[in-house]
Amino acid sequence: MPPRAPCRPLPADGRFLQSIAPTPLVSVRLHEEGPTIWCKLEFLNPSGSTKDRIARYMLEKAWRLGELHPGGEVVEASSGSTSIALALASAQMGLRFTAVMPEGVTDERVLTIRAYGGDVVLVPRGEGIRSAIAKAAELARERKAFAPRQFENPDNAEAHRVWTGQEILSQIPGGLVHGVVSGVGTGGTVVGLYQAFAEAGCPVTPFVAKPIAGLGSDMECCSFSSRVPGVVDGLSTLYRQADLPGLVELNVSDEVAMSTARALIRRGFPVGPSSGLNYAAAVEASRQLGPSAQVVTVFPDRMERYFSTELIQPKR
Ligand code: PMP
């Protein structure tokens, strides 16, 4: 396909986004009797989450295509990790960044974005991320800003297909993946990784982990459980339109997601709740696929992002 616009070189001075090393892929067995799961340590990316991949990929593509210019503005709706990653990538690329988030997000998130020089616009909590998406679209239109639109932008899944997925294929024994497991926020992770493994010829089954809210967790709009932020219900066009043959949905109670995340932290993996969700679901995927199957999952983000939450300060 011919390029849609002149391919502009990226700004090069002193940036390190270009030289992010691959994150480790390690085999983790939490319980003596349990299976070994191949875990991609995405919390080791520079802003602390796997969203550094999509932030860099979406902004650099827009830059090359001439949709973003030096000093230009980026506006995105995100309740957390993507905003933080875009704030870091924008700082490195000399861009302005505005995050639109629902009220009630933790101070850690807002302060981190501001520390990178980004702006935060808070919208009423009522409709959660849905009203943030509408507000971000309005602001981007008014300001003629670039809107990455992570919930529909195919470059989100493409980042994982051409980048994270290829890293995993080069790291896992024999380059062979039988199962890929992830919770869905935008769906970029599970869609992109599934495509990478299937295109490489792996006999791979996609598994989607769904947190089930238990006693004491809030049910906010669009999120399955307030205890597992980032994993949301039915928002993503990208995910709805993806072709995931043989998809298996795995329910995991939010209590189990949290206790598994705490167990991972005690093993020295400083992860957030969605890593616990992913690991617990991957154990079930491995049980379904059999003992010789190589099952891959992702640890998306870091525990420091959850210091003020139940993950680190359990309710008595
Ligand atoms: N875990 C966390 C902490 C997240 O923030 C997200 C995405 N918002 C996910 C998991 C899900 O990843 P994806 O958007 O690629 O489906």
# chains A, B, ... in the order shown; residues from 1 in each chain; ligands from 1
>>> closest_atom_pairs(of="chain A", to="ligand 1", cutoff="10 Å", atoms="only C-alpha atoms and all ligand atoms", output="CSV")
residue,atom,partner,partner_atom_place_in_ligand_line,distance
A:Phe43,CA,ligand 1,3 (C),9.4
A:Gly48,CA,ligand 1,3 (C),10.0
A:Ser49,CA,ligand 1,3 (C),7.5
A:Thr50,CA,ligand 1,15 (O),8.0
A:Lys51,CA,ligand 1,7 (C),7.5
A:Ile54,CA,ligand 1,15 (O),8.7
A:Ser78,CA,ligand 1,8 (N),7.4
A:Ser79,CA,ligand 1,8 (N),7.4
A:Gly80,CA,ligand 1,5 (O),6.1
A:Ser81,CA,ligand 1,5 (O),4.9
A:Thr82,CA,ligand 1,8 (N),6.7
A:Ser83,CA,ligand 1,5 (O),9.6
A:Gln150,CA,ligand 1,14 (O),7.9
A:Phe151,CA,ligand 1,14 (O),7.8
A:Asn156,CA,ligand 1,15 (O),7.7
A:Ala157,CA,ligand 1,15 (O),7.5
A:His160,CA,ligand 1,15 (O),8.5
A:Ser182,CA,ligand 1,11 (C),7.1
A:Gly183,CA,ligand 1,11 (C),5.4
A:Val184,CA,ligand 1,16 (O),3.7
A:Gly185,CA,ligand 1,16 (O),3.6
A:Thr186,CA,ligand 1,14 (O),3.6
A:Gly187,CA,ligand 1,16 (O),3.4
A:Gly188,CA,ligand 1,15 (O),3.9
A:Thr189,CA,ligand 1,15 (O),3.7
A:Val190,CA,ligand 1,16 (O),6.4
A:Val191,CA,ligand 1,15 (O),8.1
A:Gly192,CA,ligand 1,15 (O),8.5
A:Leu193,CA,ligand 1,15 (O),9.6
A:Val208,CA,ligand 1,16 (O),9.4
A:Ala209,CA,ligand 1,11 (C),9.9
A:Val228,CA,ligand 1,3 (C),7.5
A:Pro229,CA,ligand 1,3 (C),6.0
A:Gly230,CA,ligand 1,5 (O),3.7
A:Val231,CA,ligand 1,9 (C),5.3
A:Val232,CA,ligand 1,8 (N),7.7
A:Ser236,CA,ligand 1,16 (O),8.7
A:Leu238,CA,ligand 1,16 (O),9.5
A:Tyr239,CA,ligand 1,16 (O),8.0
A:Val271,CA,ligand 1,3 (C),9.1
A:Gly272,CA,ligand 1,3 (C),6.6
A:Pro273,CA,ligand 1,3 (C),7.2
A:Ser274,CA,ligand 1,1 (N),4.8
A:Ser275,CA,ligand 1,1 (N),7.0
A:Gly276,CA,ligand 1,1 (N),9.8
A:Leu277,CA,ligand 1,1 (N),8.9
A:Asn278,CA,ligand 1,10 (C),8.5
A:Val298,CA,ligand 1,10 (C),8.5
A:Phe299,CA,ligand 1,1 (N),7.7
A:Pro300,CA,ligand 1,1 (N),5.1
A:Asp301,CA,ligand 1,3 (C),5.3
A:Arg302,CA,ligand 1,3 (C),8.2
A:Met303,CA,ligand 1,3 (C),9.8
A:Arg305,CA,ligand 1,3 (C),9.3
>>> select_by_dssp(residues="segment 96-293 of chain A", states="helix (DSSP H, G or I)", output="PyMOL selection string")
chain A and resi 107-115+129-143+154-171+173-175+188-199+237-240+254-266+273-289
>>> closest_residue(among="A:Glu76, A:Ala134, A:Leu17, A:Val295", to="Ala89 of chain A", atoms="only C-alpha atoms")
A:Leu17
>>> closest_residue(among="A:Leu250, A:Leu139, A:Val75, A:Cys39", to="Glu284 of chain A", atoms="only C-alpha atoms")
A:Leu250
>>> select_by_dssp(residues="segment 80-252 of chain A", states="strand (DSSP E)", output="short mmCIF file (atom, residue, chain, number, x, y, z; two decimals) with C-alpha atoms, in the first residue's frame")
data_model
loop_
_atom_site.label_atom_id
_atom_site.label_comp_id
_atom_site.auth_asym_id
_atom_site.auth_seq_id
_atom_site.Cartn_x
_atom_site.Cartn_y
_atom_site.Cartn_z
CA ARG A 96 1.20 18.82 24.68
CA PHE A 97 -1.08 16.24 26.28
CA THR A 98 -4.53 16.39 27.88
CA ALA A 99 -6.06 13.38 29.63
CA VAL A 100 -9.83 13.22 30.13
CA MET A 101 -10.68 11.02 33.10
CA PRO A 102 -13.70 10.24 35.26
CA ASP A 119 -3.19 18.41 31.78
CA VAL A 120 -6.02 16.49 33.39
CA VAL A 121 -9.71 17.24 32.71
CA LEU A 122 -12.04 15.41 35.10
CA VAL A 123 -15.62 14.59 34.04
CA GLY A 179 -2.87 -20.19 24.60
CA VAL A 180 -2.93 -16.41 25.08
CA VAL A 181 -4.82 -14.93 28.04
CA SER A 182 -5.74 -11.34 28.90
CA GLY A 183 -8.44 -9.19 30.43
CA THR A 205 -6.52 -20.40 21.50
CA PRO A 206 -7.46 -16.88 22.70
CA PHE A 207 -8.79 -16.64 26.30
CA VAL A 208 -10.40 -13.53 27.74
CA ALA A 209 -10.40 -13.04 31.52
CA LYS A 210 -13.49 -11.42 33.05
CA PRO A 211 -13.48 -10.16 36.63
CA ILE A 212 -16.69 -10.92 38.52
CA VAL A 248 -12.95 -18.81 25.45
CA GLU A 249 -14.22 -16.49 28.21
CA LEU A 250 -12.98 -17.22 31.71
CA ASN A 251 -14.68 -15.73 34.78
CA VAL A 252 -12.46 -14.92 37.74
#
>>> closest_residue(among="A:Ala200, A:Val28, A:Val177, A:Ala145", to="Gly71 of chain A", atoms="only C-alpha atoms")
A:Ala145
>>> closest_residue(among="A:Gln92, A:Gln171, A:Thr164, A:Asn153", to="Leu25 of chain A", atoms="only C-alpha atoms")
A:Gln171
